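**Student:** For reference, the structure I am asking about is given below.
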Amino acid sequence: MSFVVTHLNNTTNKRKQGYPEVITCLPEADIQFKGVKAWILQANTRQLVFFEFEADAKVPEHSHDYAQWGIVIDGKMELTINGKPRICEKGDEYVIPAGAKHRARFLSRTRVMDFFSEKTRYKPKPIKQSTAESKEQREKSER
């Protein structure tokens, strides 16, 4: 049995494959931004979201009525909160207060984990049925 041990401050580890299956088996978020994928860990009143951003991806300025905490797992981004830009890299944490206008620009391929203190920040993508499943359901309904 093999396993990988990583540490956020280990600069010799260049893991860039993306998230492991234990994360990508979570529901994928329905996100409308180009160059972004994410998976949702849902709680009753909160969400933890695992993001993957391609280099040059952008999240336009917005705000929400609840706080957000995040940490950069890999990569580099420029995060602007209330007009103040800052560079966030591997291991950097940030807190975005409720109501703060914020945006992000990704300077390299970046993985980020964000905690939203609101349960419906992101919705899961609709599940696509396979053709075989759809045919089976039609046949059952015709009986």
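Within each chain, counting starts at residue 1; across the structure tokens, chains are named A, B, ... in the order shown, with ligands numbered 1 upward in that order.
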Mind checking which residues fall within 12 Å of Phe106 of chain A, counting only C-alpha atoms, ignoring those fewer than 4 positions away in the same chain, and posting them as a list in words?
**Tutor:** Lys34, Gly35, Val36, Phe51, Glu52, Phe53, Glu54, Ala55, Asp56, Ala57, Lys58, Val59, Pro60, Val72, Asp74, Gly75, Lys76, Met77, Glu78, Leu79, Thr80, Arg86, Ile87, Cys88, Glu89, Thr110, Arg111 and Val112 of chain A
**Student:** For C-alpha atoms, I'd like the residues from the last selection saved as a PDB file, in the first residue's frame.
**Tutor:**
```pdb
ATOM      1  CA  LYS A  34     -14.186  29.942 -16.987  1.00  0.00           C
ATOM      2  CA  GLY A  35     -11.185  27.915 -15.778  1.00  0.00           C
ATOM      3  CA  VAL A  36     -12.701  26.910 -12.428  1.00  0.00           C
ATOM      4  CA  PHE A  51     -11.433  24.876  -5.803  1.00  0.00           C
ATOM      5  CA  GLU A  52      -9.092  24.343  -8.748  1.00  0.00           C
ATOM      6  CA  PHE A  53      -8.323  27.465 -10.787  1.00  0.00           C
ATOM      7  CA  GLU A  54      -6.427  27.539 -14.059  1.00  0.00           C
ATOM      8  CA  ALA A  55      -3.776  30.231 -14.534  1.00  0.00           C
ATOM      9  CA  ASP A  56      -5.443  33.508 -15.612  1.00  0.00           C
ATOM     10  CA  ALA A  57      -8.849  32.507 -14.169  1.00  0.00           C
ATOM     11  CA  LYS A  58     -10.718  35.368 -12.533  1.00  0.00           C
ATOM     12  CA  VAL A  59     -13.487  35.662  -9.979  1.00  0.00           C
ATOM     13  CA  PRO A  60     -15.211  39.020 -10.543  1.00  0.00           C
ATOM     14  CA  VAL A  72      -4.145  28.411  -0.631  1.00  0.00           C
ATOM     15  CA  ASP A  74      -0.988  25.253  -4.174  1.00  0.00           C
ATOM     16  CA  GLY A  75      -0.362  28.132  -6.542  1.00  0.00           C
ATOM     17  CA  LYS A  76      -0.582  31.896  -6.386  1.00  0.00           C
ATOM     18  CA  MET A  77      -3.412  34.404  -6.570  1.00  0.00           C
ATOM     19  CA  GLU A  78      -4.020  38.093  -6.196  1.00  0.00           C
ATOM     20  CA  LEU A  79      -6.907  38.575  -3.764  1.00  0.00           C
ATOM     21  CA  THR A  80      -8.430  42.055  -3.485  1.00  0.00           C
ATOM     22  CA  ARG A  86      -2.570  41.108  -1.696  1.00  0.00           C
ATOM     23  CA  ILE A  87      -0.693  38.150  -3.097  1.00  0.00           C
ATOM     24  CA  CYS A  88      -1.613  34.808  -1.532  1.00  0.00           C
ATOM     25  CA  GLU A  89       0.588  31.758  -2.052  1.00  0.00           C
ATOM     26  CA  THR A 110      -4.075  27.223  -7.976  1.00  0.00           C
ATOM     27  CA  ARG A 111      -5.907  25.030  -5.501  1.00  0.00           C
ATOM     28  CA  VAL A 112      -7.841  26.783  -2.732  1.00  0.00           C
TER      29      VAL A 112
END
```
**Student:** Tell me, which residues of segment 40-136 of chain A carry DSSP strand (DSSP E), written as an MDAnalysis selection string?
**Tutor:** chainID A and resid 40:42 47:53 58:62 68:74 76:81 84:89 93:96 102:106 110:116
**Student:** Using only C-alpha atoms, which residue out of A:Gln47, A:Gln17, A:Gln32, A:Asn82 lies closest to Lys101 of chain A?
**Tutor:** A:Asn82
**Student:** Extract, using only C-alpha atoms, all DNA, RNA and protein residues at most 9 Å from segment 123-127 of chain A, discarding same-chain residues fewer than 3 positions from it, and format them as a PyMOL selection string.
**Tutor:** chain A and resi 27-31+39-40+120
